[in-house]
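Shown next: protein_13.pdb, containing PDB, C-alpha atoms and all ligand atoms.
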```
ATOM      1  CA  MET A   1       7.238 -15.293  71.279  1.00  0.00           C
ATOM      2  CA  ALA A   2       8.612 -11.795  70.619  1.00  0.00           C
ATOM      3  CA  HIS A   3       7.141  -8.960  72.736  1.00  0.00           C
ATOM      4  CA  PRO A   4       4.399  -7.086  70.789  1.00  0.00           C
ATOM      5  CA  LYS A   5       6.468  -3.888  71.084  1.00  0.00           C
ATOM      6  CA  THR A   6       8.868  -5.305  68.470  1.00  0.00           C
ATOM      7  CA  GLU A   7       6.238  -5.407  65.710  1.00  0.00           C
ATOM      8  CA  ARG A   8       7.222  -3.462  62.577  1.00  0.00           C
ATOM      9  CA  THR A   9       5.334  -2.142  59.567  1.00  0.00           C
ATOM     10  CA  LEU A  10       6.232  -0.539  56.246  1.00  0.00           C
ATOM     11  CA  VAL A  11       4.805   2.836  55.262  1.00  0.00           C
ATOM     12  CA  ILE A  12       5.418   4.584  51.941  1.00  0.00           C
ATOM     13  CA  VAL A  13       4.421   8.199  51.393  1.00  0.00           C
ATOM     14  CA  LYS A  14       3.382   7.967  47.738  1.00  0.00           C
ATOM     15  CA  PRO A  15       4.329  10.620  45.113  1.00  0.00           C
ATOM     16  CA  ASP A  16       1.093  12.577  45.679  1.00  0.00           C
ATOM     17  CA  GLY A  17       1.825  12.779  49.426  1.00  0.00           C
ATOM     18  CA  ILE A  18       5.213  14.382  48.754  1.00  0.00           C
ATOM     19  CA  GLN A  19       3.728  16.768  46.146  1.00  0.00           C
ATOM     20  CA  ARG A  20       0.954  17.793  48.549  1.00  0.00           C
ATOM     21  CA  ALA A  21       3.580  18.700  51.214  1.00  0.00           C
ATOM     22  CA  LEU A  22       2.082  16.236  53.674  1.00  0.00           C
ATOM     23  CA  ILE A  23       5.269  14.463  54.797  1.00  0.00           C
ATOM     24  CA  GLY A  24       5.414  16.093  58.235  1.00  0.00           C
ATOM     25  CA  GLU A  25       1.679  15.764  58.868  1.00  0.00           C
ATOM     26  CA  ILE A  26       1.710  12.066  57.962  1.00  0.00           C
ATOM     27  CA  MET A  27       4.763  11.236  60.059  1.00  0.00           C
ATOM     28  CA  GLN A  28       3.395  13.157  63.027  1.00  0.00           C
ATOM     29  CA  ARG A  29       0.193  11.113  63.010  1.00  0.00           C
ATOM     30  CA  TYR A  30       2.116   7.859  63.368  1.00  0.00           C
ATOM     31  CA  GLU A  31       4.733   9.300  65.737  1.00  0.00           C
ATOM     32  CA  ARG A  32       2.279  10.741  68.249  1.00  0.00           C
ATOM     33  CA  THR A  33       0.813   7.295  69.048  1.00  0.00           C
ATOM     34  CA  GLY A  34       4.160   6.268  70.552  1.00  0.00           C
ATOM     35  CA  LEU A  35       5.284   4.236  67.538  1.00  0.00           C
ATOM     36  CA  LYS A  36       9.015   4.625  66.805  1.00  0.00           C
ATOM     37  CA  LEU A  37      10.548   5.424  63.405  1.00  0.00           C
ATOM     38  CA  VAL A  38      13.332   2.866  62.785  1.00  0.00           C
ATOM     39  CA  ALA A  39      14.113   3.366  59.069  1.00  0.00           C
ATOM     40  CA  LEU A  40      13.642   6.135  56.515  1.00  0.00           C
ATOM     41  CA  LYS A  41      14.663   6.899  52.911  1.00  0.00           C
ATOM     42  CA  MET A  42      13.607   8.961  49.897  1.00  0.00           C
ATOM     43  CA  LEU A  43      13.840   7.429  46.431  1.00  0.00           C
ATOM     44  CA  VAL A  44      12.234   7.328  42.998  1.00  0.00           C
ATOM     45  CA  PRO A  45      11.115   3.698  42.690  1.00  0.00           C
ATOM     46  CA  THR A  46      11.602   1.718  39.478  1.00  0.00           C
ATOM     47  CA  GLU A  47       8.706  -0.081  37.790  1.00  0.00           C
ATOM     48  CA  SER A  48      10.231  -3.449  38.652  1.00  0.00           C
ATOM     49  CA  MET A  49      10.462  -2.506  42.373  1.00  0.00           C
ATOM     50  CA  ILE A  50       6.788  -1.591  42.367  1.00  0.00           C
ATOM     51  CA  GLU A  51       5.680  -4.690  40.501  1.00  0.00           C
ATOM     52  CA  ALA A  52       7.721  -6.921  42.841  1.00  0.00           C
ATOM     53  CA  HIS A  53       6.346  -5.079  45.893  1.00  0.00           C
ATOM     54  CA  TYR A  54       2.722  -5.756  44.978  1.00  0.00           C
ATOM     55  CA  LEU A  55       3.433  -9.364  43.991  1.00  0.00           C
ATOM     56  CA  LEU A  56       5.162 -10.299  47.285  1.00  0.00           C
ATOM     57  CA  ASP A  57       1.843 -11.599  48.615  1.00  0.00           C
ATOM     58  CA  SER A  58       0.534 -14.322  46.313  1.00  0.00           C
ATOM     59  CA  ASN A  59      -3.073 -13.562  47.336  1.00  0.00           C
ATOM     60  CA  TRP A  60      -2.870  -9.814  46.660  1.00  0.00           C
ATOM     61  CA  LYS A  61      -3.869 -10.087  42.974  1.00  0.00           C
ATOM     62  CA  LYS A  62      -6.942 -12.156  43.752  1.00  0.00           C
ATOM     63  CA  ASN A  63      -8.002  -9.795  46.563  1.00  0.00           C
ATOM     64  CA  VAL A  64      -7.399  -6.517  44.764  1.00  0.00           C
ATOM     65  CA  GLY A  65      -8.991  -7.868  41.561  1.00  0.00           C
ATOM     66  CA  GLY A  66     -12.071  -8.957  43.499  1.00  0.00           C
ATOM     67  CA  LYS A  67     -12.272  -5.576  45.250  1.00  0.00           C
ATOM     68  CA  ALA A  68     -11.990  -3.730  41.923  1.00  0.00           C
ATOM     69  CA  ILE A  69     -14.680  -5.887  40.256  1.00  0.00           C
ATOM     70  CA  ALA A  70     -17.023  -5.187  43.188  1.00  0.00           C
ATOM     71  CA  SER A  71     -16.442  -1.439  42.815  1.00  0.00           C
ATOM     72  CA  TYR A  72     -17.293  -1.533  39.082  1.00  0.00           C
ATOM     73  CA  MET A  73     -20.503  -3.484  39.856  1.00  0.00           C
ATOM     74  CA  LYS A  74     -21.452  -0.999  42.587  1.00  0.00           C
ATOM     75  CA  LYS A  75     -21.278   1.811  40.011  1.00  0.00           C
ATOM     76  CA  GLY A  76     -23.457  -0.268  37.643  1.00  0.00           C
ATOM     77  CA  GLU A  77     -20.520  -0.634  35.215  1.00  0.00           C
ATOM     78  CA  THR A  78     -19.079  -3.723  33.561  1.00  0.00           C
ATOM     79  CA  PRO A  79     -15.596  -4.588  34.878  1.00  0.00           C
ATOM     80  CA  PRO A  80     -12.841  -4.776  32.209  1.00  0.00           C
ATOM     81  CA  SER A  81     -12.792  -8.548  32.855  1.00  0.00           C
ATOM     82  CA  SER A  82     -14.630 -10.977  35.113  1.00  0.00           C
ATOM     83  CA  ASP A  83     -11.290 -12.590  36.042  1.00  0.00           C
ATOM     84  CA  PRO A  84      -9.879 -10.966  39.236  1.00  0.00           C
ATOM     85  CA  ILE A  85      -6.295 -11.730  38.124  1.00  0.00           C
ATOM     86  CA  GLU A  86      -6.756  -9.877  34.818  1.00  0.00           C
ATOM     87  CA  VAL A  87      -8.286  -6.894  36.606  1.00  0.00           C
ATOM     88  CA  ALA A  88      -5.433  -6.958  39.127  1.00  0.00           C
ATOM     89  CA  ASN A  89      -2.919  -6.856  36.255  1.00  0.00           C
ATOM     90  CA  LEU A  90      -4.575  -3.645  35.138  1.00  0.00           C
ATOM     91  CA  VAL A  91      -4.312  -2.238  38.682  1.00  0.00           C
ATOM     92  CA  VAL A  92      -0.600  -3.195  38.788  1.00  0.00           C
ATOM     93  CA  ALA A  93       0.030  -1.389  35.473  1.00  0.00           C
ATOM     94  CA  ARG A  94      -1.665   1.736  36.883  1.00  0.00           C
ATOM     95  CA  LEU A  95       0.276   1.444  40.141  1.00  0.00           C
ATOM     96  CA  LYS A  96       3.595   1.253  38.285  1.00  0.00           C
ATOM     97  CA  LYS A  97       2.811   4.562  36.550  1.00  0.00           C
ATOM     98  CA  TYR A  98       1.628   6.226  39.757  1.00  0.00           C
ATOM     99  CA  MET A  99       4.389   5.031  42.071  1.00  0.00           C
ATOM    100  CA  THR A 100       7.265   5.855  39.679  1.00  0.00           C
ATOM    101  CA  SER A 101       5.991   9.367  38.865  1.00  0.00           C
ATOM    102  CA  GLY A 102       8.153  11.065  41.518  1.00  0.00           C
ATOM    103  CA  PRO A 103      10.005  10.574  44.788  1.00  0.00           C
ATOM    104  CA  VAL A 104       8.455   8.552  47.604  1.00  0.00           C
ATOM    105  CA  ILE A 105       9.473   8.211  51.239  1.00  0.00           C
ATOM    106  CA  ALA A 106       9.712   4.688  52.623  1.00  0.00           C
ATOM    107  CA  MET A 107       9.774   4.149  56.359  1.00  0.00           C
ATOM    108  CA  VAL A 108       9.522   1.477  59.001  1.00  0.00           C
ATOM    109  CA  TRP A 109       7.556   2.109  62.199  1.00  0.00           C
ATOM    110  CA  GLU A 110       8.006  -0.106  65.257  1.00  0.00           C
ATOM    111  CA  GLY A 111       5.879  -0.644  68.341  1.00  0.00           C
ATOM    112  CA  ALA A 112       2.979  -2.629  69.775  1.00  0.00           C
ATOM    113  CA  HIS A 113       0.353  -3.457  67.134  1.00  0.00           C
ATOM    114  CA  ALA A 114       2.260  -1.344  64.591  1.00  0.00           C
ATOM    115  CA  VAL A 115       0.586  -2.919  61.529  1.00  0.00           C
ATOM    116  CA  GLU A 116      -2.964  -2.559  62.825  1.00  0.00           C
ATOM    117  CA  LEU A 117      -2.480   0.937  64.292  1.00  0.00           C
ATOM    118  CA  VAL A 118      -0.868   2.318  61.151  1.00  0.00           C
ATOM    119  CA  ARG A 119      -3.724   0.941  59.003  1.00  0.00           C
ATOM    120  CA  LYS A 120      -6.279   2.459  61.390  1.00  0.00           C
ATOM    121  CA  ILE A 121      -4.612   5.890  61.232  1.00  0.00           C
ATOM    122  CA  THR A 122      -4.160   5.606  57.438  1.00  0.00           C
ATOM    123  CA  GLY A 123      -7.811   4.718  56.680  1.00  0.00           C
ATOM    124  CA  GLY A 124      -9.479   2.718  53.888  1.00  0.00           C
ATOM    125  CA  THR A 125      -8.116   2.427  50.347  1.00  0.00           C
ATOM    126  CA  GLU A 126     -10.618   4.859  48.773  1.00  0.00           C
ATOM    127  CA  PRO A 127     -10.292   8.402  50.188  1.00  0.00           C
ATOM    128  CA  ARG A 128     -13.920   9.183  49.300  1.00  0.00           C
ATOM    129  CA  SER A 129     -15.181   6.554  51.741  1.00  0.00           C
ATOM    130  CA  ALA A 130     -12.228   6.501  54.198  1.00  0.00           C
ATOM    131  CA  GLY A 131     -13.194   7.435  57.764  1.00  0.00           C
ATOM    132  CA  ILE A 132     -13.112  10.953  59.154  1.00  0.00           C
ATOM    133  CA  GLY A 133      -9.936  11.496  61.174  1.00  0.00           C
ATOM    134  CA  THR A 134      -7.874   9.108  59.040  1.00  0.00           C
ATOM    135  CA  ILE A 135      -5.109  10.448  56.786  1.00  0.00           C
ATOM    136  CA  ARG A 136      -6.800   9.247  53.587  1.00  0.00           C
ATOM    137  CA  GLY A 137     -10.163  10.533  54.803  1.00  0.00           C
ATOM    138  CA  ASP A 138      -8.912  13.945  55.898  1.00  0.00           C
ATOM    139  CA  PHE A 139      -6.325  14.985  53.308  1.00  0.00           C
ATOM    140  CA  VAL A 140      -7.458  13.781  49.888  1.00  0.00           C
ATOM    141  CA  LEU A 141     -10.645  13.165  47.909  1.00  0.00           C
ATOM    142  CA  ASP A 142     -10.046  10.537  45.226  1.00  0.00           C
ATOM    143  CA  SER A 143     -12.610   7.846  44.372  1.00  0.00           C
ATOM    144  CA  TYR A 144     -12.774   4.517  42.531  1.00  0.00           C
ATOM    145  CA  GLN A 145     -15.201   6.268  40.195  1.00  0.00           C
ATOM    146  CA  MET A 146     -12.708   8.954  39.081  1.00  0.00           C
ATOM    147  CA  ALA A 147      -9.644   6.709  39.134  1.00  0.00           C
ATOM    148  CA  ASP A 148     -11.248   3.915  37.120  1.00  0.00           C
ATOM    149  CA  SER A 149     -12.814   6.208  34.523  1.00  0.00           C
ATOM    150  CA  ASP A 150      -9.451   8.002  34.094  1.00  0.00           C
ATOM    151  CA  ASP A 151      -7.648   4.627  33.926  1.00  0.00           C
ATOM    152  CA  ARG A 152      -5.257   5.369  36.784  1.00  0.00           C
ATOM    153  CA  ALA A 153      -4.484   4.137  40.301  1.00  0.00           C
ATOM    154  CA  ILE A 154      -6.478   5.631  43.113  1.00  0.00           C
ATOM    155  CA  ARG A 155      -4.412   8.460  44.688  1.00  0.00           C
ATOM    156  CA  ASN A 156      -4.460   7.837  48.400  1.00  0.00           C
ATOM    157  CA  LEU A 157      -1.167   9.338  49.646  1.00  0.00           C
ATOM    158  CA  ILE A 158       0.167   6.287  51.480  1.00  0.00           C
ATOM    159  CA  HIS A 159       0.977   2.619  51.299  1.00  0.00           C
ATOM    160  CA  ALA A 160       0.851   0.745  54.601  1.00  0.00           C
ATOM    161  CA  SER A 161       1.366  -3.003  55.117  1.00  0.00           C
ATOM    162  CA  GLY A 162      -1.982  -4.769  55.515  1.00  0.00           C
ATOM    163  CA  THR A 163      -0.949  -7.673  57.741  1.00  0.00           C
ATOM    164  CA  ILE A 164       2.055  -8.796  59.824  1.00  0.00           C
ATOM    165  CA  PRO A 165       3.173 -11.347  57.168  1.00  0.00           C
ATOM    166  CA  GLU A 166       2.858  -8.614  54.487  1.00  0.00           C
ATOM    167  CA  ALA A 167       5.018  -6.286  56.615  1.00  0.00           C
ATOM    168  CA  GLU A 168       7.592  -9.054  57.102  1.00  0.00           C
ATOM    169  CA  MET A 169       7.901  -9.468  53.309  1.00  0.00           C
ATOM    170  CA  GLU A 170       7.737  -5.768  52.441  1.00  0.00           C
ATOM    171  CA  ILE A 171      10.334  -4.387  54.891  1.00  0.00           C
ATOM    172  CA  PRO A 172      13.285  -6.373  53.424  1.00  0.00           C
ATOM    173  CA  HIS A 173      12.068  -5.442  49.928  1.00  0.00           C
ATOM    174  CA  TRP A 174      12.685  -1.746  50.678  1.00  0.00           C
ATOM    175  CA  PHE A 175      15.437  -1.801  53.327  1.00  0.00           C
ATOM    176  CA  THR A 176      18.595  -3.816  53.935  1.00  0.00           C
ATOM    177  CA  HIS A 177      19.006  -5.290  57.406  1.00  0.00           C
ATOM    178  CA  GLY A 178      21.517  -2.561  58.342  1.00  0.00           C
ATOM    179  CA  GLU A 179      19.182   0.269  57.303  1.00  0.00           C
ATOM    180  CA  VAL A 180      16.677  -0.645  60.021  1.00  0.00           C
ATOM    181  CA  VAL A 181      18.056   0.760  63.280  1.00  0.00           C
ATOM    182  CA  ASN A 182      17.706  -0.763  66.758  1.00  0.00           C
ATOM    183  CA  TYR A 183      17.569   1.968  69.418  1.00  0.00           C
ATOM    184  CA  HIS A 184      15.584   3.068  72.453  1.00  0.00           C
ATOM    185  CA  VAL A 185      13.604   6.213  73.276  1.00  0.00           C
ATOM    186  CA  PRO A 186      12.782   7.189  76.881  1.00  0.00           C
ATOM    187  CA  HIS A 187       9.002   7.173  76.421  1.00  0.00           C
ATOM    188  CA  GLU A 188       9.086   3.422  75.813  1.00  0.00           C
ATOM    189  CA  ALA A 189       9.389   3.058  79.610  1.00  0.00           C
ATOM    190  CA  ILE A 190       5.995   4.749  80.031  1.00  0.00           C
ATOM    191  CA  LEU A 191       4.404   2.785  77.194  1.00  0.00           C
ATOM    192  CA  TYR A 192       5.736  -0.668  78.028  1.00  0.00           C
ATOM    193  CA  ASP A 193       7.418  -1.043  81.464  1.00  0.00           C
ATOM    194  CA  VAL A 194       5.350  -3.102  83.892  1.00  0.00           C
ATOM    195  CA  ASP A 195       5.922  -0.564  86.738  1.00  0.00           C
ATOM    196  CA  MET A 196       6.159   3.209  86.224  1.00  0.00           C
ATOM    197  CA  LYS A 197       8.524   3.414  89.160  1.00  0.00           C
ATOM    198  CA  ASN A 198      11.084   6.005  88.035  1.00  0.00           C
ATOM    199  CA  ILE A 199       8.765   9.023  87.924  1.00  0.00           C
ATOM    200  CA  LEU A 200       8.925  10.215  91.542  1.00  0.00           C
ATOM    201  CA  GLY A 201      12.535  10.961  92.699  1.00  0.00           C
TER     202      GLY A 201
HETATM  203  P1  LIG B   1      -4.308  -0.571  50.313  1.00  0.00           P
HETATM  204  O1  LIG B   1      -3.655  -1.707  51.041  1.00  0.00           O
HETATM  205  O2  LIG B   1      -5.413   0.080  51.093  1.00  0.00           O
HETATM  206  O3  LIG B   1      -3.328   0.452  49.763  1.00  0.00           O
HETATM  207  O4  LIG B   1      -5.029  -1.194  49.023  1.00  0.00           O
HETATM  208  P2  LIG B   1      -4.640  -2.431  48.076  1.00  0.00           P
HETATM  209  O5  LIG B   1      -3.415  -3.162  48.579  1.00  0.00           O
HETATM  210  O6  LIG B   1      -5.868  -3.225  47.863  1.00  0.00           O
HETATM  211  O7  LIG B   1      -4.298  -1.713  46.687  1.00  0.00           O
HETATM  212  C1  LIG B   1      -3.052  -1.084  46.479  1.00  0.00           C
HETATM  213  C2  LIG B   1      -3.231   0.238  45.772  1.00  0.00           C
HETATM  214  O8  LIG B   1      -3.767   0.020  44.459  1.00  0.00           O
HETATM  215  C3  LIG B   1      -4.233   1.176  46.420  1.00  0.00           C
HETATM  216  O9  LIG B   1      -3.665   1.912  47.494  1.00  0.00           O
HETATM  217  C4  LIG B   1      -4.644   2.040  45.260  1.00  0.00           C
HETATM  218  O10 LIG B   1      -3.713   3.069  44.994  1.00  0.00           O
HETATM  219  C5  LIG B   1      -4.638   1.070  44.080  1.00  0.00           C
HETATM  220  N1  LIG B   1      -5.951   0.431  43.828  1.00  0.00           N
HETATM  221  C6  LIG B   1      -6.429  -0.644  44.509  1.00  0.00           C
HETATM  222  N2  LIG B   1      -7.622  -1.029  44.057  1.00  0.00           N
HETATM  223  C7  LIG B   1      -7.933  -0.195  43.026  1.00  0.00           C
HETATM  224  C8  LIG B   1      -9.065  -0.104  42.122  1.00  0.00           C
HETATM  225  O11 LIG B   1     -10.026  -0.852  42.189  1.00  0.00           O
HETATM  226  N3  LIG B   1      -9.046   0.898  41.211  1.00  0.00           N
HETATM  227  C9  LIG B   1      -8.011   1.757  41.116  1.00  0.00           C
HETATM  228  N4  LIG B   1      -8.083   2.716  40.183  1.00  0.00           N
HETATM  229  N5  LIG B   1      -6.920   1.706  41.922  1.00  0.00           N
HETATM  230  C10 LIG B   1      -6.861   0.741  42.880  1.00  0.00           C
HETATM  231 MG    MG B   2      -2.419  -3.272  50.381  1.00  0.00          MG
END
```

Would you give me this structure, written as structure tokens?
Ligand code: GDP
Ligand code: MG
Amino acid sequence: MAHPKTERTLVIVKPDGIQRALIGEIMQRYERTGLKLVALKMLVPTESMIEAHYLLDSNWKKNVGGKAIASYMKKGETPPSSDPIEVANLVVARLKKYMTSGPVIAMVWEGAHAVELVRKITGGTEPRSAGIGTIRGDFVLDSYQMADSDDRAIRNLIHASGTIPEAEMEIPHWFTHGEVVNYHVPHEAILYDVDMKNILG
């Protein structure tokens, strides 16, 4: 089995993150854990790239549709449909508008538990309820309530792969093999070497 330090995850700073001038802040939060940036690009995504991205995982529609229906019920409102797939189609249409509205920055971060750590630092999907200290909790204020009543995607600054299999599908969707760079940084010795034996002369 591959060493956990080789785990990789995809992060996208969404158009609102670029417009809010949060690129440096966001990258610093991942970088300071010891995770290593191994790929980076700015682009304006096309609608078909966004649609394909969200449909890579065949369960995503069912999950996101279910989550959206639950949020309508919690507000005491009737969901646009009781079928999670139909509701998810609505979310995809909103996401296509949101994610193609301006440039985004796509990146790949590598290191032990990269997927889980990046999700922890990023915080929950809805900024209103995302934890204090997370990027979505600290830097933005959107809610399902506002987003749904304005018929738009929830603006939460970042996309981050949810699971290792999701990351493994998403990375090649955004980067060619050659765009992801293999290299070392000195602090990896302190993070991962079994003995810290090169500190004292
Ligand atoms: P994430 O993994 O935390 O980003 O969340 P999901 O993969 O479940 O959803 C993808 C993106 O769709 C989210 O980041 C939001 O921008 C948007 N979104 C998801 N669920 C809803 C919803 O119920 N309502 C609205 N308006 N947007 C949603
Ligand atoms: Mg997701």

Exercise. Which polymer residues have any atom within 10 Å of an atom of A:Ser161, counting only C-alpha atoms, with same-chain residues fewer than 4 positions away left out, as a PyMOL selection string?
Worked result: chain A and resi 8-12+114-116+118-119+165-171

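Around A:Thr6, within 9 Å and counting all atoms listed in the file, the residues found are Ala2, Glu110, Gly111, Ala112, His113 and Ala114 of chain A, once anything fewer than 4 positions away on its own chain is removed.
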
Problem set entry | Residue contacts of stretch 136-143 of chain A (8 Å, all atoms listed in the file) excluding same-chain residues fewer than 3 positions away, as a PyMOL selection string | chain A and resi 122-133+146-147+154-158

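Of the listed residues A:Pro15, A:Gly178, A:Gly162, A:Gly34, the one whose atoms come nearest to A:Ile105 is A:Pro15, with distances taken using only C-alpha atoms.
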
For this session: Please provide the set of residues having any atom within 8 Å of A:Ile69, restricted to all atoms listed in the file, with same-chain residues fewer than 6 positions apart removed, written as a ChimeraX atom specification.
Result: /A:79,82,84,87

Problem set entry | Non-local contacts of A:Met27 (10 Å; all atoms listed in the file; under 4 positions in same chain excluded) as a ChimeraX atom specification | /A:11,13,22-23,31-32,37,107,109

Exercise. Hey, which of A:Ile85, A:Val181, A:Met99, A:Leu200 ends up closest to ligand LIG 1 (chain B)? Count all atoms listed in the file.
Worked result: A:Met99

Could you give me the centre and size, in Å to one decimal, of an axis-aligned box around all listed atoms of stretch 72-83 of chain A with 4 Å added on every side, as AutoDock Vina command-line options?
```
--center_x -17.4 --center_y -5.4 --center_z 37.4 --size_x 20.2 --size_y 22.4 --size_z 18.4
```

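Comparing the minimum interatomic distances between ligand LIG 1 (chain B) and each of A:Pro186, A:Pro80, A:Pro172, A:Pro103, counting all atoms listed in the file, we find that A:Pro80 sits nearest.
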
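Going from atom CA of A:Ser149 to atom CA of A:Tyr54 covers 22.2 Å.
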
For this session: Just say which residues the PyMOL selection byres (((chain A and resi 51) around 12) and not hetatm) picks in this file, as a ChimeraX atom specification.
Result: /A:45-50,52-57,60-61,88-100,173

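You can rank A:Thr33, A:Asn63, A:Thr134, A:Ser71 by their closest distance to ligand MG 2 (chain B) using all atoms listed in the file, and at the top of that list sits A:Asn63.
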